[in-house]
file entry.csv (CSV, C-alpha atoms and all ligand atoms)
chain,number,residue,atom,x,y,z
B,6,MET,CA,-22.5,-17.3,4.5
B,7,GLY,CA,-20.0,-16.6,1.7
B,8,ARG,CA,-16.9,-18.4,1.0
B,9,ALA,CA,-14.5,-18.9,3.9
B,10,LYS,CA,-11.7,-17.6,1.6
B,11,ASP,CA,-9.8,-14.4,2.5
B,12,SER,CA,-12.0,-11.7,0.9
B,13,SER,CA,-9.7,-8.8,1.6
B,14,LEU,CA,-8.6,-8.6,-2.0
B,15,LYS,CA,-11.1,-8.5,-4.7
B,16,ASP,CA,-9.6,-11.3,-6.8
B,17,GLU,CA,-12.3,-11.0,-9.4
B,18,LEU,CA,-10.9,-7.5,-10.2
B,19,VAL,CA,-7.1,-7.9,-9.7
B,20,GLU,CA,-4.3,-10.4,-9.6
B,21,VAL,CA,-0.7,-10.5,-8.4
B,22,ARG,CA,2.0,-11.2,-10.9
B,23,SER,CA,5.6,-10.1,-11.5
B,24,SER,CA,6.0,-6.4,-12.2
B,25,SER,CA,8.4,-4.5,-14.4
B,26,VAL,CA,8.7,-1.9,-11.7
B,27,HIS,CA,9.6,-3.9,-8.6
B,28,GLY,CA,9.1,-7.5,-7.6
B,29,LYS,CA,5.5,-8.4,-7.7
B,30,GLY,CA,2.7,-6.1,-8.6
B,31,VAL,CA,-1.1,-5.9,-8.5
B,32,PHE,CA,-2.8,-5.8,-12.0
B,33,ALA,CA,-6.3,-5.2,-13.2
B,34,LYS,CA,-7.8,-8.4,-14.7
B,35,LEU,CA,-10.5,-6.3,-16.4
B,36,ALA,CA,-11.4,-2.7,-16.8
B,37,ILE,CA,-12.2,-1.1,-13.4
B,38,ARG,CA,-14.1,2.1,-12.9
B,39,SER,CA,-12.8,5.0,-10.9
B,40,GLY,CA,-13.6,4.8,-7.2
B,41,ALA,CA,-13.8,1.0,-7.1
B,42,VAL,CA,-12.8,-0.6,-3.8
B,43,LEU,CA,-10.0,-3.2,-4.4
B,44,GLY,CA,-9.6,-4.6,-0.9
B,45,ALA,CA,-8.3,-4.0,2.6
B,46,TYR,CA,-4.8,-4.0,3.9
B,47,THR,CA,-4.3,-6.7,6.5
B,48,GLY,CA,-1.4,-7.7,8.7
B,49,ARG,CA,-0.1,-7.5,12.1
B,50,ARG,CA,-1.2,-4.5,14.2
B,51,TYR,CA,1.2,-2.4,16.3
B,52,THR,CA,0.7,0.6,18.6
B,53,LEU,CA,3.1,3.5,18.2
B,54,ASP,CA,4.9,2.3,21.4
B,55,GLU,CA,5.4,-1.1,19.9
B,56,VAL,CA,6.4,0.0,16.4
B,57,THR,CA,9.2,2.2,17.7
B,58,LYS,CA,10.9,-0.9,19.3
B,59,VAL,CA,11.2,-2.7,15.9
B,60,SER,CA,14.1,-2.2,13.5
B,61,TRP,CA,12.3,-1.8,10.2
B,62,ASN,CA,15.0,-1.1,7.7
B,63,ASN,CA,13.6,-1.6,4.2
B,64,SER,CA,10.5,-3.5,5.3
B,65,LEU,CA,9.3,0.0,6.3
B,66,THR,CA,7.5,0.0,2.9
B,67,TYR,CA,5.0,-2.5,4.3
B,68,LEU,CA,4.1,-0.4,7.3
B,69,PHE,CA,0.9,1.6,7.2
B,70,GLU,CA,0.1,4.3,9.7
B,71,LEU,CA,-3.5,4.9,10.7
B,72,SER,CA,-4.9,8.1,12.1
B,73,ASP,CA,-5.6,6.5,15.4
B,74,GLY,CA,-1.9,6.1,15.9
B,75,THR,CA,-1.7,2.3,15.2
B,76,PHE,CA,0.1,0.6,12.4
B,77,ILE,CA,-0.4,-2.4,10.1
B,78,ASP,CA,2.5,-4.5,9.0
B,79,GLY,CA,1.5,-6.1,5.8
B,80,GLN,CA,4.6,-8.3,5.7
B,81,ALA,CA,3.5,-10.2,8.8
B,82,GLY,CA,0.4,-12.2,7.8
B,83,GLY,CA,-0.6,-9.6,5.2
B,84,ASN,CA,-2.6,-10.2,2.1
B,85,PRO,CA,-1.8,-9.6,-1.6
B,86,THR,CA,-2.6,-5.9,-1.3
B,87,ARG,CA,0.9,-5.5,0.1
B,88,HIS,CA,2.2,-6.1,-3.5
B,89,LEU,CA,0.7,-2.7,-4.6
B,90,ASN,CA,3.8,-0.9,-5.8
B,91,HIS,CA,4.6,2.8,-5.4
B,92,ALA,CA,4.4,5.4,-8.1
B,93,CYS,CA,4.6,9.1,-7.9
B,94,GLU,CA,1.6,9.4,-10.2
B,95,PRO,CA,-0.6,6.7,-8.7
B,96,ASN,CA,-3.9,5.4,-10.0
B,97,CYS,CA,-5.1,4.1,-6.5
B,98,GLU,CA,-5.3,5.6,-3.1
B,99,ALA,CA,-5.5,4.3,0.5
B,100,TYR,CA,-8.3,5.4,2.8
B,101,GLU,CA,-9.5,4.6,6.3
B,102,ALA,CA,-12.7,2.8,7.0
B,103,ARG,CA,-14.5,1.4,10.0
B,104,ALA,CA,-14.4,-2.3,10.4
B,105,ALA,CA,-17.4,-4.2,11.7
B,106,ASP,CA,-15.8,-4.3,15.1
B,107,GLY,CA,-15.5,-0.5,15.2
B,108,GLY,CA,-11.7,-0.5,14.6
B,109,LEU,CA,-10.0,1.4,11.8
B,110,THR,CA,-8.9,-0.5,8.7
B,111,VAL,CA,-7.1,0.7,5.5
B,112,LYS,CA,-8.7,0.0,2.1
B,113,PHE,CA,-7.7,0.8,-1.4
B,114,ARG,CA,-9.7,2.3,-4.3
B,115,THR,CA,-9.0,3.4,-7.8
B,116,THR,CA,-8.7,7.1,-8.4
B,117,ARG,CA,-9.3,6.9,-12.2
B,118,SER,CA,-10.6,4.3,-14.6
B,119,ILE,CA,-8.2,1.5,-15.2
B,120,ARG,CA,-7.7,-0.6,-18.3
B,121,ALA,CA,-7.5,-4.3,-18.2
B,122,GLY,CA,-3.9,-5.4,-17.6
B,123,GLU,CA,-2.8,-2.1,-16.1
B,124,GLU,CA,-0.6,-2.3,-13.0
B,125,LEU,CA,-2.1,-0.6,-10.0
B,126,PHE,CA,0.0,1.9,-7.9
B,127,LEU,CA,-0.2,3.8,-4.7
B,128,ASP,CA,1.8,6.8,-3.6
B,129,TYR,CA,3.4,5.4,-0.5
B,130,CYS,CA,4.3,8.8,0.9
B,131,LEU,CA,6.6,7.2,3.4
B,132,SER,CA,7.5,9.2,6.5
B,133,ILE,CA,11.0,8.7,7.8
B,134,ASP,CA,13.1,10.0,10.7
B,135,GLU,CA,15.1,13.1,10.2
B,136,GLN,CA,18.4,11.3,10.4
B,137,ASP,CA,17.3,8.9,7.6
B,138,ASP,CA,18.0,9.6,4.0
B,139,SER,CA,15.1,9.6,1.5
B,140,GLN,CA,17.5,8.3,-1.1
B,141,ASP,CA,17.5,5.0,0.9
B,142,TYR,CA,13.9,4.6,-0.5
B,143,PRO,CA,14.5,5.4,-4.2
B,144,CYS,CA,11.6,5.5,-6.7
B,145,HIS,CA,12.0,4.2,-10.2
B,146,CYS,CA,8.4,4.8,-11.4
B,147,GLY,CA,9.6,6.8,-14.4
B,148,GLY,CA,6.6,9.1,-14.1
B,149,ARG,CA,7.0,12.7,-15.4
B,150,SER,CA,6.6,14.1,-11.9
B,151,CYS,CA,8.8,11.3,-10.3
B,152,ARG,CA,10.4,12.8,-7.1
B,153,GLY,CA,13.0,10.1,-7.0
B,154,THR,CA,12.0,8.7,-3.6
B,155,MET,CA,9.0,6.9,-2.1
B,156,VAL,CA,9.2,9.3,0.9
B,157,GLY,CA,6.5,11.8,1.0
B,158,GLN,CA,7.1,15.5,0.5
B,159,ALA,CA,7.8,17.5,3.7
B,160,GLU,CA,4.9,19.8,4.3
B,201,ZN,ZN,8.5,8.1,-8.8

call {"tool": "encode", "arguments": {"input": "entry.csv", "output": "structure tokens"}}
result
Amino acid sequence: MGRAKDSSLKDELVEVRSSSVHGKGVFAKLAIRSGAVLGAYTGRRYTLDEVTKVSWNNSLTYLFELSDGTFIDGQAGGNPTRHLNHACEPNCEAYEARAADGGLTVKFRTTRSIRAGEELFLDYCLSIDEQDDSQDYPCHCGGRSCRGTMVGQAE
């Protein structure tokens, strides 16, 4: 058996420290190849029915929606992957994978090669209710194609 430690973040590859973009961020400790798996997103699970009963406000950014209609709240018992910041030109992506128990999990992987010391980013592509304002979730990533919000583009 391996270490009993939480293995959901590859701490040989990445570390959490303060970010110039927002709060804490996840940084590469060494050069990482494109397509490398960084870890899984953990936290409290909700069904759609349960999730609609919670008032999320700005903690919405910790909520991950899965294709089976369930959600993971990384703020509740989540691991360091919740510190991945948003950027409109990300260098990582989230994808779904099957856990050993057959349930769906969310994992993160790099989408290009990363230099040691680079901060890792996801495009959150938040979905919000029609009556909510995407400007309540501003983006300050400074990327050339920055859309000014962490909310995803309407299809
Ligand atoms: Zn941006």

call {"tool": "residues_around", "arguments": {"input": "entry.csv", "residues": "Val26 (chain B)", "least_positions_apart": "6", "cutoff": "12 Å", "atoms": "all atoms listed in the file", "output": "PyMOL selection string"}}
result
chain B and resi 88-92+124-126+143-148

call {"tool": "residues_around", "arguments": {"input": "entry.csv", "residues": "Ile119 (chain B)", "least_positions_apart": "6", "cutoff": "10 Å", "atoms": "all atoms listed in the file", "output": "VMD selection string"}}
result
chain B and resid 32 to 39 41 96 to 97 125

call {"tool": "closest_residue", "arguments": {"input": "entry.csv", "among": "B:Ser150, B:Thr57, B:Ser25, B:Ser72", "to": "Glu94 (chain B)", "atoms": "only C-alpha atoms"}}
result
B:Ser150

call {"tool": "closest_residue", "arguments": {"input": "entry.csv", "among": "B:Gly82, B:Ser139, B:Asp106, B:Asp128", "to": "ligand ZN 201 (chain B)", "atoms": "all atoms listed in the file"}}
result
B:Asp128

call {"tool": "closest_residue", "arguments": {"input": "entry.csv", "among": "B:Thr115, B:Thr66, B:Ser23, B:Thr154", "to": "Asp141 (chain B)", "atoms": "all atoms listed in the file"}}
result
B:Thr154

call {"tool": "atom_distance", "arguments": {"input": "entry.csv", "atom1": "CA of His27 (chain B)", "atom2": "CA of Pro85 (chain B)"}}
result
14.5 Å

call {"tool": "residues_around", "arguments": {"input": "entry.csv", "residues": "Lys15 (chain B)", "least_positions_apart": "3", "cutoff": "10 Å", "atoms": "all atoms listed in the file", "output": "list in words"}}
result
Asp11, Ser12, Leu18, Val19, Glu20, Val42, Leu43, Gly44, Ala45, Pro85 and Thr86 of chain B

call {"tool": "atom_distance", "arguments": {"input": "entry.csv", "atom1": "CA of Glu123 (chain B)", "atom2": "CA of Ile77 (chain B)"}}
result
26.3 Å

call {"tool": "residues_around", "arguments": {"input": "entry.csv", "residues": "Gly83 (chain B)", "least_positions_apart": "3", "cutoff": "7 Å", "atoms": "only C-alpha atoms", "output": "number ranges by chain"}}
result
B: 47-48, 79-80, 87

call {"tool": "closest_residue", "arguments": {"input": "entry.csv", "among": "B:Cys93, B:Ala104, B:Val56, B:Ile133", "to": "ligand ZN 201 (chain B)", "atoms": "all atoms listed in the file"}}
result
B:Cys93

call {"tool": "closest_residue", "arguments": {"input": "entry.csv", "among": "B:Phe76, B:Leu53, B:Glu17, B:Ala99", "to": "Val111 (chain B)", "atoms": "only C-alpha atoms"}}
result
B:Ala99

call {"tool": "atom_distance", "arguments": {"input": "entry.csv", "atom1": "CA of Val31 (chain B)", "atom2": "CA of Ser60 (chain B)"}}
result
27.0 Å

call {"tool": "closest_residue", "arguments": {"input": "entry.csv", "among": "B:Gly40, B:Gly74, B:Gly108, B:Pro95", "to": "ligand ZN 201 (chain B)", "atoms": "only C-alpha atoms and all ligand atoms"}}
result
B:Pro95

call {"tool": "residues_around", "arguments": {"input": "entry.csv", "residues": "Glu101 (chain B)", "least_positions_apart": "5", "cutoff": "8 Å", "atoms": "only C-alpha atoms", "output": "PDB file with C-alpha atoms, keeping the file's coordinate frame"}}
result
ATOM      1  CA  LEU B  71      -3.500   4.900  10.700  1.00  0.00           C
ATOM      2  CA  LEU B 109     -10.000   1.400  11.800  1.00  0.00           C
ATOM      3  CA  THR B 110      -8.900  -0.500   8.700  1.00  0.00           C
ATOM      4  CA  VAL B 111      -7.100   0.700   5.500  1.00  0.00           C
ATOM      5  CA  LYS B 112      -8.700   0.000   2.100  1.00  0.00           C
TER       6      LYS B 112
END

call {"tool": "build_atoms", "arguments": {"input": "entry.csv", "residues": "region 16-36 of chain B", "atoms": "N, CA, C and O atoms", "output": "PDB file, keeping the file's coordinate frame"}}
result
ATOM      1  N   ASP B  16     -10.409 -10.531  -5.762  1.00  0.00           N
ATOM      2  CA  ASP B  16      -9.600 -11.300  -6.800  1.00  0.00           C
ATOM      3  C   ASP B  16     -10.414 -11.469  -8.068  1.00  0.00           C
ATOM      4  O   ASP B  16      -9.875 -11.980  -9.032  1.00  0.00           O
ATOM      5  N   GLU B  17     -11.663 -10.997  -8.120  1.00  0.00           N
ATOM      6  CA  GLU B  17     -12.300 -11.000  -9.400  1.00  0.00           C
ATOM      7  C   GLU B  17     -11.877  -9.757 -10.232  1.00  0.00           C
ATOM      8  O   GLU B  17     -12.022  -9.730 -11.441  1.00  0.00           O
ATOM      9  N   LEU B  18     -11.306  -8.761  -9.539  1.00  0.00           N
ATOM     10  CA  LEU B  18     -10.900  -7.500 -10.200  1.00  0.00           C
ATOM     11  C   LEU B  18      -9.381  -7.507 -10.499  1.00  0.00           C
ATOM     12  O   LEU B  18      -8.939  -6.950 -11.506  1.00  0.00           O
ATOM     13  N   VAL B  19      -8.600  -8.040  -9.581  1.00  0.00           N
ATOM     14  CA  VAL B  19      -7.100  -7.900  -9.700  1.00  0.00           C
ATOM     15  C   VAL B  19      -6.419  -9.183  -9.417  1.00  0.00           C
ATOM     16  O   VAL B  19      -6.973 -10.110  -8.823  1.00  0.00           O
ATOM     17  N   GLU B  20      -5.176  -9.232  -9.870  1.00  0.00           N
ATOM     18  CA  GLU B  20      -4.300 -10.400  -9.600  1.00  0.00           C
ATOM     19  C   GLU B  20      -2.915  -9.932  -9.361  1.00  0.00           C
ATOM     20  O   GLU B  20      -2.509  -8.847  -9.770  1.00  0.00           O
ATOM     21  N   VAL B  21      -2.138 -10.797  -8.683  1.00  0.00           N
ATOM     22  CA  VAL B  21      -0.700 -10.500  -8.400  1.00  0.00           C
ATOM     23  C   VAL B  21       0.140 -11.251  -9.343  1.00  0.00           C
ATOM     24  O   VAL B  21      -0.008 -12.454  -9.519  1.00  0.00           O
ATOM     25  N   ARG B  22       1.030 -10.540 -10.027  1.00  0.00           N
ATOM     26  CA  ARG B  22       2.000 -11.200 -10.900  1.00  0.00           C
ATOM     27  C   ARG B  22       3.281 -10.324 -10.911  1.00  0.00           C
ATOM     28  O   ARG B  22       3.291  -9.234 -10.343  1.00  0.00           O
ATOM     29  N   SER B  23       4.335 -10.809 -11.576  1.00  0.00           N
ATOM     30  CA  SER B  23       5.600 -10.100 -11.500  1.00  0.00           C
ATOM     31  C   SER B  23       5.437  -8.728 -12.244  1.00  0.00           C
ATOM     32  O   SER B  23       4.749  -8.619 -13.252  1.00  0.00           O
ATOM     33  N   SER B  24       6.104  -7.727 -11.684  1.00  0.00           N
ATOM     34  CA  SER B  24       6.000  -6.400 -12.200  1.00  0.00           C
ATOM     35  C   SER B  24       7.280  -5.915 -12.802  1.00  0.00           C
ATOM     36  O   SER B  24       8.356  -6.304 -12.369  1.00  0.00           O
ATOM     37  N   SER B  25       7.189  -5.065 -13.812  1.00  0.00           N
ATOM     38  CA  SER B  25       8.400  -4.500 -14.400  1.00  0.00           C
ATOM     39  C   SER B  25       9.017  -3.456 -13.519  1.00  0.00           C
ATOM     40  O   SER B  25      10.164  -3.083 -13.694  1.00  0.00           O
ATOM     41  N   VAL B  26       8.250  -2.944 -12.552  1.00  0.00           N
ATOM     42  CA  VAL B  26       8.700  -1.900 -11.700  1.00  0.00           C
ATOM     43  C   VAL B  26       9.520  -2.450 -10.509  1.00  0.00           C
ATOM     44  O   VAL B  26      10.647  -2.063 -10.244  1.00  0.00           O
ATOM     45  N   HIS B  27       8.909  -3.378  -9.789  1.00  0.00           N
ATOM     46  CA  HIS B  27       9.600  -3.900  -8.600  1.00  0.00           C
ATOM     47  C   HIS B  27       8.874  -5.189  -8.166  1.00  0.00           C
ATOM     48  O   HIS B  27       7.691  -5.186  -7.846  1.00  0.00           O
ATOM     49  N   GLY B  28       9.620  -6.284  -8.143  1.00  0.00           N
ATOM     50  CA  GLY B  28       9.100  -7.500  -7.600  1.00  0.00           C
ATOM     51  C   GLY B  28       7.763  -7.911  -8.174  1.00  0.00           C
ATOM     52  O   GLY B  28       7.587  -7.960  -9.399  1.00  0.00           O
ATOM     53  N   LYS B  29       6.816  -8.146  -7.287  1.00  0.00           N
ATOM     54  CA  LYS B  29       5.500  -8.400  -7.700  1.00  0.00           C
ATOM     55  C   LYS B  29       4.630  -7.171  -7.723  1.00  0.00           C
ATOM     56  O   LYS B  29       4.934  -6.217  -7.013  1.00  0.00           O
ATOM     57  N   GLY B  30       3.579  -7.197  -8.517  1.00  0.00           N
ATOM     58  CA  GLY B  30       2.700  -6.100  -8.600  1.00  0.00           C
ATOM     59  C   GLY B  30       1.230  -6.552  -8.602  1.00  0.00           C
ATOM     60  O   GLY B  30       0.968  -7.742  -8.766  1.00  0.00           O
ATOM     61  N   VAL B  31       0.299  -5.619  -8.448  1.00  0.00           N
ATOM     62  CA  VAL B  31      -1.100  -5.900  -8.500  1.00  0.00           C
ATOM     63  C   VAL B  31      -1.639  -5.358  -9.856  1.00  0.00           C
ATOM     64  O   VAL B  31      -1.405  -4.188 -10.165  1.00  0.00           O
ATOM     65  N   PHE B  32      -2.313  -6.201 -10.629  1.00  0.00           N
ATOM     66  CA  PHE B  32      -2.800  -5.800 -12.000  1.00  0.00           C
ATOM     67  C   PHE B  32      -4.272  -5.991 -12.103  1.00  0.00           C
ATOM     68  O   PHE B  32      -4.856  -6.912 -11.530  1.00  0.00           O
ATOM     69  N   ALA B  33      -4.860  -5.121 -12.899  1.00  0.00           N
ATOM     70  CA  ALA B  33      -6.300  -5.200 -13.200  1.00  0.00           C
ATOM     71  C   ALA B  33      -6.532  -6.397 -14.132  1.00  0.00           C
ATOM     72  O   ALA B  33      -5.839  -6.539 -15.140  1.00  0.00           O
ATOM     73  N   LYS B  34      -7.487  -7.249 -13.788  1.00  0.00           N
ATOM     74  CA  LYS B  34      -7.800  -8.400 -14.700  1.00  0.00           C
ATOM     75  C   LYS B  34      -8.814  -7.922 -15.746  1.00  0.00           C
ATOM     76  O   LYS B  34      -8.976  -8.577 -16.769  1.00  0.00           O
ATOM     77  N   LEU B  35      -9.493  -6.832 -15.479  1.00  0.00           N
ATOM     78  CA  LEU B  35     -10.500  -6.300 -16.400  1.00  0.00           C
ATOM     79  C   LEU B  35     -10.542  -4.799 -16.199  1.00  0.00           C
ATOM     80  O   LEU B  35      -9.894  -4.282 -15.276  1.00  0.00           O
ATOM     81  N   ALA B  36     -11.267  -4.096 -17.026  1.00  0.00           N
ATOM     82  CA  ALA B  36     -11.400  -2.700 -16.800  1.00  0.00           C
ATOM     83  C   ALA B  36     -12.106  -2.387 -15.509  1.00  0.00           C
ATOM     84  O   ALA B  36     -13.071  -3.072 -15.160  1.00  0.00           O
TER      85      ALA B  36
END
